[in-house]
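Chemist: First the structure, then my questions, so here it is.
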Amino acid sequence: MPPIPPLFTLPIHPNGRITCTQPSPRLYLLTFESPPDNRLTPSFCSSFLLALDILDHRFPKGVVVTTSGIQKFYSNGLDFESAVKEGKRFWGGSLYPLWRRLLTYIYPNPKSIEPLGTLYPMPTIALLPGHAFAGGFMTAMMHDYRFMNPHRGFLCLNELDFGAPFKPAMASIFRQKVPNPNTFRTMILESKRFGALEGLKEGLVDGLGGMEEVMVFVREMALLDRAKTGVYGMAKREMWGETVGYLDRVDEGERKWDKDLEDSAKRQEEEKARVEDWERGGAGGRSKL
């Protein structure tokens, strides 16, 4: 079978790309390759977002599947250096807009209280050929459905292992989408790695296989017809309102984040003072052996 010619290709700095093909009518496959492991850099996020916009405004509505051309990884998460260097600009100007677009396919309208904006009602499916770690796993969770290679890869939130705190939107999407709170606890507090079978059992993925299985799923679920009424994105906005709120109010969230850190530091100083007072014999005195 001859290769499917791309509908378009976008660069990802410095040596990556995202390619859009059409395996069948109105089924769009976005394949990203940003060596070595598809880190979520500002360039990666902006190219990904532009690809979604092109499909929205230049092609008939259908279903969008995203996957990786690097078989070992769907994505290995954030580029931590970029996140630290860019700060609020990374969250509000790069990563969060991508997540917001994937989660609802509605752009916020700054002149309206309700973020109705431009409707983009296409269902989304993340096809995971390999590992989805940290921010890569979060990106997959922003899709409507997830399919995973049954033979390769793990799903893991390993922020605890490398000392990165969870931003509100990061925890919120799992709190809303993971059926079992015990699974959620294990993911966050134990950095557990979930293989494909366990991920399916725990509701982290919706199916196992590759593109052929995804195409069968699209047909059986009649996903190509979901855009007909024009309210698909609005329905998702209501379903995932908690996470959408965090993604929309990034400046407010960052201010609250900073204040929480300041309050935590003050509480720690107060706690230390109480311990020191106890050690000196105050507040009832320290027990003598």
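Every chain in the structure tokens takes a letter, A first, then B, and so on in the order presented; its residues are numbered from 1, and the ligands are numbered from 1 following the presented order.
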I'd like the contact shell of range 203-218 of chain A - 6 Å cut-off, only C-alpha atoms, skipping same-chain residues fewer than 5 positions apart - returned as a list in words.

Modeler: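 Near neighbours after the sequence-gap exclusion: Arg146, Phe147, Met148, Asn149, Pro150 and Leu223 of chain A.
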
Chemist: Can you write out the residues you just picked, keeping N, CA and C atoms, as a PDB file, in the first residue's frame?

Modeler:
```pdb
ATOM      1  N   ARG A 146      -8.450   7.544  24.687  1.00  0.00           N
ATOM      2  CA  ARG A 146      -7.052   7.134  24.600  1.00  0.00           C
ATOM      3  C   ARG A 146      -6.964   5.667  24.202  1.00  0.00           C
ATOM      4  N   PHE A 147      -6.087   5.377  23.233  1.00  0.00           N
ATOM      5  CA  PHE A 147      -5.759   4.001  22.845  1.00  0.00           C
ATOM      6  C   PHE A 147      -4.264   3.805  23.081  1.00  0.00           C
ATOM      7  N   MET A 148      -3.895   2.606  23.546  1.00  0.00           N
ATOM      8  CA  MET A 148      -2.509   2.372  23.930  1.00  0.00           C
ATOM      9  C   MET A 148      -1.977   1.095  23.316  1.00  0.00           C
ATOM     10  N   ASN A 149      -0.712   1.141  22.938  1.00  0.00           N
ATOM     11  CA  ASN A 149      -0.001  -0.037  22.461  1.00  0.00           C
ATOM     12  C   ASN A 149      -0.007  -1.095  23.563  1.00  0.00           C
ATOM     13  N   PRO A 150      -0.533  -2.291  23.317  1.00  0.00           N
ATOM     14  CA  PRO A 150      -0.603  -3.300  24.379  1.00  0.00           C
ATOM     15  C   PRO A 150       0.745  -3.916  24.725  1.00  0.00           C
ATOM     16  N   LEU A 223     -18.273   8.277  15.724  1.00  0.00           N
ATOM     17  CA  LEU A 223     -17.667   9.536  16.145  1.00  0.00           C
ATOM     18  C   LEU A 223     -17.622  10.574  15.044  1.00  0.00           C
TER      19      LEU A 223
END
```

Chemist: Please list as JSON, numbers by chain every residue within 9 Å of Tyr145 in chain A, counting only C-alpha atoms and excluding residues in the same chain fewer than 4 positions away.

Modeler: {"A": [123, 124, 125, 126, 127, 140, 141, 205, 206, 207]}

Chemist: Produce a file of the selected residues containing N, CA and C atoms, as a PDB file, in the first residue's frame.

Modeler:
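Result saved to result.pdb:
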```pdb
ATOM      1  N   PRO A 123     -14.341  15.158  17.983  1.00  0.00           N
ATOM      2  CA  PRO A 123     -13.805  14.246  18.992  1.00  0.00           C
ATOM      3  C   PRO A 123     -12.302  14.065  18.803  1.00  0.00           C
ATOM      4  N   THR A 124     -11.601  13.827  19.900  1.00  0.00           N
ATOM      5  CA  THR A 124     -10.148  13.657  19.858  1.00  0.00           C
ATOM      6  C   THR A 124      -9.765  12.326  20.487  1.00  0.00           C
ATOM      7  N   ILE A 125      -8.761  11.692  19.891  1.00  0.00           N
ATOM      8  CA  ILE A 125      -8.254  10.409  20.389  1.00  0.00           C
ATOM      9  C   ILE A 125      -6.739  10.485  20.448  1.00  0.00           C
ATOM     10  N   ALA A 126      -6.155  10.151  21.594  1.00  0.00           N
ATOM     11  CA  ALA A 126      -4.703  10.046  21.717  1.00  0.00           C
ATOM     12  C   ALA A 126      -4.316   8.590  21.514  1.00  0.00           C
ATOM     13  N   LEU A 127      -3.473   8.342  20.523  1.00  0.00           N
ATOM     14  CA  LEU A 127      -2.988   7.000  20.232  1.00  0.00           C
ATOM     15  C   LEU A 127      -1.553   6.894  20.746  1.00  0.00           C
ATOM     16  N   ALA A 140      -2.395  13.560  26.993  1.00  0.00           N
ATOM     17  CA  ALA A 140      -3.267  12.478  26.527  1.00  0.00           C
ATOM     18  C   ALA A 140      -4.619  12.528  27.227  1.00  0.00           C
ATOM     19  N   MET A 141      -4.618  12.879  28.518  1.00  0.00           N
ATOM     20  CA  MET A 141      -5.874  12.943  29.271  1.00  0.00           C
ATOM     21  C   MET A 141      -6.774  14.083  28.808  1.00  0.00           C
ATOM     22  N   VAL A 205      -7.153   4.320  29.891  1.00  0.00           N
ATOM     23  CA  VAL A 205      -7.262   4.239  28.435  1.00  0.00           C
ATOM     24  C   VAL A 205      -8.572   3.542  28.088  1.00  0.00           C
ATOM     25  N   ASP A 206      -9.017   3.783  26.863  1.00  0.00           N
ATOM     26  CA  ASP A 206     -10.310   3.254  26.432  1.00  0.00           C
ATOM     27  C   ASP A 206     -10.208   2.035  25.534  1.00  0.00           C
ATOM     28  N   GLY A 207      -8.993   1.744  25.079  1.00  0.00           N
ATOM     29  CA  GLY A 207      -8.813   0.591  24.218  1.00  0.00           C
ATOM     30  C   GLY A 207      -7.347   0.327  23.992  1.00  0.00           C
TER      31      GLY A 207
END
```

Chemist: Give me the residues near Trp257 in chain A as a list of chain:residue names, where near means some atom within 12 Å (using only C-alpha atoms) and where sequence neighbours in that chain fewer than 5 positions away do not count.

Modeler: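 After dropping sequence-adjacent residues, the list is A:Lys88, A:Pro165, A:Phe166, A:Lys167, A:Pro168, A:Ala169, A:Tyr246, A:Arg249, A:Val250, A:Asp251, A:Glu252, A:Glu262, A:Asp263, A:Ser264.
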
Chemist: So that I can check the secondary structure, give me every residue of range 112-277 of chain A assigned strand (DSSP E) by backbone DSSP, as a list in words.

Modeler: Thr124, Ile125, Ala126, Leu127, Leu128, His131, Ala132, Phe133, Tyr145, Arg146, Phe147, Met148, Leu155, Cys156, Gly207 and Leu208 of chain A

Chemist: Might you pull out every residue within 12 Å of range 58-65 of chain A, with only C-alpha atoms counted and same-chain residues fewer than 5 positions away left off, and present them as a ChimeraX atom specification?

Modeler: /A:7-8,19-32,48,50-53,102,105,119-128,140,143-147,210-212,214-215,217-219,221-230,232

Chemist: Just want the 8 Å neighbourhood of Lys236 in chain A, counted on only C-alpha atoms, with same-chain residues fewer than 4 positions away dropped. Output as a PyMOL selection string.

Modeler: chain A and resi 103-104+232+240

Chemist: Output all heavy atoms of each residue in that selection to a file, as a compact mmCIF listing (two decimals), in the first residue's frame.

Modeler:
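Writing done, so here's result-v6.txt:
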```txt
# COMPACT_ATOMS: atom_id res chain seq x y z
N LEU A 103 -9.08 19.93 25.24
CA LEU A 103 -10.10 19.51 26.19
C LEU A 103 -11.51 19.89 25.75
O LEU A 103 -12.46 19.15 25.96
CB LEU A 103 -9.80 20.13 27.56
CG LEU A 103 -10.69 19.70 28.72
CD1 LEU A 103 -10.60 18.19 28.95
CD2 LEU A 103 -10.31 20.45 29.99
N THR A 104 -11.66 21.06 25.12
CA THR A 104 -13.01 21.53 24.78
C THR A 104 -13.20 21.87 23.32
O THR A 104 -14.32 21.91 22.83
CB THR A 104 -13.35 22.80 25.59
OG1 THR A 104 -12.48 23.86 25.16
CG2 THR A 104 -13.19 22.56 27.06
N TYR A 232 -20.82 19.81 20.48
CA TYR A 232 -19.92 18.82 21.10
C TYR A 232 -18.92 19.49 22.04
O TYR A 232 -18.71 19.05 23.18
CB TYR A 232 -19.19 18.06 20.00
CG TYR A 232 -18.45 16.83 20.48
CD1 TYR A 232 -19.11 15.63 20.72
CD2 TYR A 232 -17.06 16.86 20.68
CE1 TYR A 232 -18.42 14.50 21.14
CE2 TYR A 232 -16.37 15.73 21.09
CZ TYR A 232 -17.05 14.56 21.32
OH TYR A 232 -16.38 13.44 21.75
N TRP A 240 -16.06 19.10 31.92
CA TRP A 240 -14.75 19.28 32.53
C TRP A 240 -14.55 20.69 33.04
O TRP A 240 -13.45 21.24 33.01
CB TRP A 240 -13.65 18.91 31.52
CG TRP A 240 -13.92 17.65 30.76
CD1 TRP A 240 -13.98 17.49 29.41
CD2 TRP A 240 -14.18 16.35 31.31
NE1 TRP A 240 -14.26 16.19 29.09
CE2 TRP A 240 -14.39 15.47 30.23
CE3 TRP A 240 -14.26 15.84 32.62
CZ2 TRP A 240 -14.67 14.11 30.41
CZ3 TRP A 240 -14.54 14.49 32.80
CH2 TRP A 240 -14.75 13.65 31.71
```

Chemist: Mind checking which residues fall within 12 Å of Phe162 in chain A, counting only C-alpha atoms, ignoring those fewer than 6 positions away in the same chain, and posting them as a short mmCIF file (atom, residue, chain, number, x, y, z; two decimals) with N, CA, C and O atoms, in the first residue's frame?

Modeler:
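The new file around-v5.cif reads:
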```cif
data_model
loop_
_atom_site.label_atom_id
_atom_site.label_comp_id
_atom_site.auth_asym_id
_atom_site.auth_seq_id
_atom_site.Cartn_x
_atom_site.Cartn_y
_atom_site.Cartn_z
N PHE A 80 11.35 20.85 31.30
CA PHE A 80 11.39 21.53 32.59
C PHE A 80 12.18 22.84 32.51
O PHE A 80 11.82 23.84 33.13
N ALA A 134 4.24 12.09 32.92
CA ALA A 134 4.07 13.44 33.44
C ALA A 134 3.18 14.28 32.51
O ALA A 134 2.04 13.92 32.24
N SER A 191 3.65 7.51 42.26
CA SER A 191 4.26 7.57 40.93
C SER A 191 4.23 6.20 40.24
O SER A 191 5.18 5.81 39.56
#
```

Chemist: Give the answer as one residue: which of A:Met234, A:Leu200, A:Ala265, A:Ala171 has the shortest atom-to-atom distance to Leu155 in chain A, using only C-alpha atoms?

Modeler: A:Leu200

Chemist: Quick one: of A:Pro36, A:Gly92, A:Gly87, A:Gly136, who's nearest to Ser75 in chain A, counting only C-alpha atoms?

Modeler: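 Smallest distance to Ser75 in chain A is found for A:Gly136.
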
Chemist: Near Asn180 in chain A, counting only C-alpha atoms, which residues have an atom at most 12 Å away, once you skip same-chain residues fewer than 3 positions from it, shown as a PyMOL selection string?

Modeler: chain A and resi 174-177+183-187+199+201-204

Chemist: A:Tyr74, A:Tyr96, A:Phe154, A:Trp91: which is nearest Phe194 in chain A, counting only C-alpha atoms?

Modeler: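 Of the candidates, the smallest distance to Phe194 in chain A is held by A:Phe154.
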
Chemist: Tell me which of A:Thr41, A:Ser68, A:Thr139, A:Thr9 sits closest to Ser82 in chain A, counting only C-alpha atoms.

Modeler: A:Thr41

Chemist: Looking only at the backbone, which of the residues in range 121-257 of chain A does DSSP tag as helix (DSSP H, G or I), as number ranges by chain?

Modeler: A: 135-141, 159-162, 168-177, 181-190, 196-201, 211-220, 223-225, 232-239, 241-248, 250-257

Chemist: Selection from above, C-alpha atoms, as a PDB file, in the first residue's frame, can you write it?

Modeler:
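Saved to again.pdb:
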```
ATOM      1  CA  GLY A 135       2.916  16.272  31.134  1.00  0.00           C
ATOM      2  CA  GLY A 136       2.733  13.818  28.237  1.00  0.00           C
ATOM      3  CA  PHE A 137       0.221  11.747  30.188  1.00  0.00           C
ATOM      4  CA  MET A 138      -1.685  14.931  31.047  1.00  0.00           C
ATOM      5  CA  THR A 139      -1.812  15.883  27.369  1.00  0.00           C
ATOM      6  CA  ALA A 140      -3.267  12.478  26.527  1.00  0.00           C
ATOM      7  CA  MET A 141      -5.874  12.943  29.271  1.00  0.00           C
ATOM      8  CA  GLU A 159       6.476  14.465  39.364  1.00  0.00           C
ATOM      9  CA  LEU A 160       7.008  13.244  42.918  1.00  0.00           C
ATOM     10  CA  ASP A 161      10.198  11.489  41.835  1.00  0.00           C
ATOM     11  CA  PHE A 162      11.875  14.581  40.388  1.00  0.00           C
ATOM     12  CA  PRO A 168      -4.116  22.828  39.833  1.00  0.00           C
ATOM     13  CA  ALA A 169      -5.075  21.970  36.227  1.00  0.00           C
ATOM     14  CA  MET A 170      -2.656  19.039  36.240  1.00  0.00           C
ATOM     15  CA  ALA A 171      -4.267  17.318  39.201  1.00  0.00           C
ATOM     16  CA  SER A 172      -7.784  18.400  38.254  1.00  0.00           C
ATOM     17  CA  ILE A 173      -7.954  16.537  34.951  1.00  0.00           C
ATOM     18  CA  PHE A 174      -7.137  13.233  36.657  1.00  0.00           C
ATOM     19  CA  ARG A 175      -9.471  13.962  39.547  1.00  0.00           C
ATOM     20  CA  GLN A 176     -12.258  14.453  37.014  1.00  0.00           C
ATOM     21  CA  LYS A 177     -11.456  11.609  34.625  1.00  0.00           C
ATOM     22  CA  PRO A 181     -10.013   7.609  43.779  1.00  0.00           C
ATOM     23  CA  ASN A 182      -7.618   4.921  44.999  1.00  0.00           C
ATOM     24  CA  THR A 183      -6.088   4.794  41.531  1.00  0.00           C
ATOM     25  CA  PHE A 184      -5.786   8.582  41.597  1.00  0.00           C
ATOM     26  CA  ARG A 185      -3.997   8.401  44.954  1.00  0.00           C
ATOM     27  CA  THR A 186      -1.627   5.724  43.654  1.00  0.00           C
ATOM     28  CA  MET A 187      -0.832   7.802  40.576  1.00  0.00           C
ATOM     29  CA  ILE A 188      -0.100  11.002  42.504  1.00  0.00           C
ATOM     30  CA  LEU A 189       1.513   9.782  45.726  1.00  0.00           C
ATOM     31  CA  GLU A 190       3.295   6.645  44.513  1.00  0.00           C
ATOM     32  CA  ALA A 196      -1.592  -1.022  28.961  1.00  0.00           C
ATOM     33  CA  LEU A 197      -3.708  -3.802  30.505  1.00  0.00           C
ATOM     34  CA  GLU A 198      -3.811  -2.180  33.932  1.00  0.00           C
ATOM     35  CA  GLY A 199      -4.436   1.209  32.345  1.00  0.00           C
ATOM     36  CA  LEU A 200      -7.462  -0.255  30.551  1.00  0.00           C
ATOM     37  CA  LYS A 201      -8.708  -1.866  33.771  1.00  0.00           C
ATOM     38  CA  MET A 211      -4.497   2.806  14.134  1.00  0.00           C
ATOM     39  CA  GLU A 212      -6.576  -0.080  12.808  1.00  0.00           C
ATOM     40  CA  GLU A 213      -8.232  -0.539  16.193  1.00  0.00           C
ATOM     41  CA  VAL A 214      -8.787   3.204  16.462  1.00  0.00           C
ATOM     42  CA  MET A 215     -10.538   3.256  13.074  1.00  0.00           C
ATOM     43  CA  VAL A 216     -12.826   0.407  14.157  1.00  0.00           C
ATOM     44  CA  PHE A 217     -13.594   2.318  17.379  1.00  0.00           C
ATOM     45  CA  VAL A 218     -14.401   5.505  15.432  1.00  0.00           C
ATOM     46  CA  ARG A 219     -16.789   3.586  13.203  1.00  0.00           C
ATOM     47  CA  GLU A 220     -18.495   1.637  15.998  1.00  0.00           C
ATOM     48  CA  LEU A 223     -17.667   9.536  16.145  1.00  0.00           C
ATOM     49  CA  LEU A 224     -17.568  11.102  12.693  1.00  0.00           C
ATOM     50  CA  ASP A 225     -21.142  12.269  13.209  1.00  0.00           C
ATOM     51  CA  TYR A 232     -19.921  18.823  21.097  1.00  0.00           C
ATOM     52  CA  GLY A 233     -17.322  21.263  22.411  1.00  0.00           C
ATOM     53  CA  MET A 234     -19.875  23.022  24.621  1.00  0.00           C
ATOM     54  CA  ALA A 235     -20.874  19.701  26.158  1.00  0.00           C
ATOM     55  CA  LYS A 236     -17.242  18.945  26.965  1.00  0.00           C
ATOM     56  CA  ARG A 237     -16.773  22.392  28.474  1.00  0.00           C
ATOM     57  CA  GLU A 238     -19.547  21.623  30.960  1.00  0.00           C
ATOM     58  CA  MET A 239     -18.261  18.111  31.680  1.00  0.00           C
ATOM     59  CA  GLY A 241     -15.631  22.695  33.935  1.00  0.00           C
ATOM     60  CA  GLU A 242     -13.299  22.406  36.916  1.00  0.00           C
ATOM     61  CA  THR A 243     -10.215  21.864  34.766  1.00  0.00           C
ATOM     62  CA  VAL A 244     -11.351  24.396  32.165  1.00  0.00           C
ATOM     63  CA  GLY A 245     -11.607  26.985  34.930  1.00  0.00           C
ATOM     64  CA  TYR A 246      -8.016  26.406  35.991  1.00  0.00           C
ATOM     65  CA  LEU A 247      -6.806  26.595  32.387  1.00  0.00           C
ATOM     66  CA  ASP A 248      -8.740  29.808  31.697  1.00  0.00           C
ATOM     67  CA  VAL A 250      -3.966  31.030  34.591  1.00  0.00           C
ATOM     68  CA  ASP A 251      -2.919  34.457  35.959  1.00  0.00           C
ATOM     69  CA  GLU A 252      -5.296  34.157  38.886  1.00  0.00           C
ATOM     70  CA  GLY A 253      -4.088  30.616  39.480  1.00  0.00           C
ATOM     71  CA  GLU A 254      -0.427  31.659  39.450  1.00  0.00           C
ATOM     72  CA  ARG A 255      -1.133  34.460  41.940  1.00  0.00           C
ATOM     73  CA  LYS A 256      -2.904  32.005  44.220  1.00  0.00           C
ATOM     74  CA  TRP A 257      -0.052  29.529  43.754  1.00  0.00           C
TER      75      TRP A 257
END
```
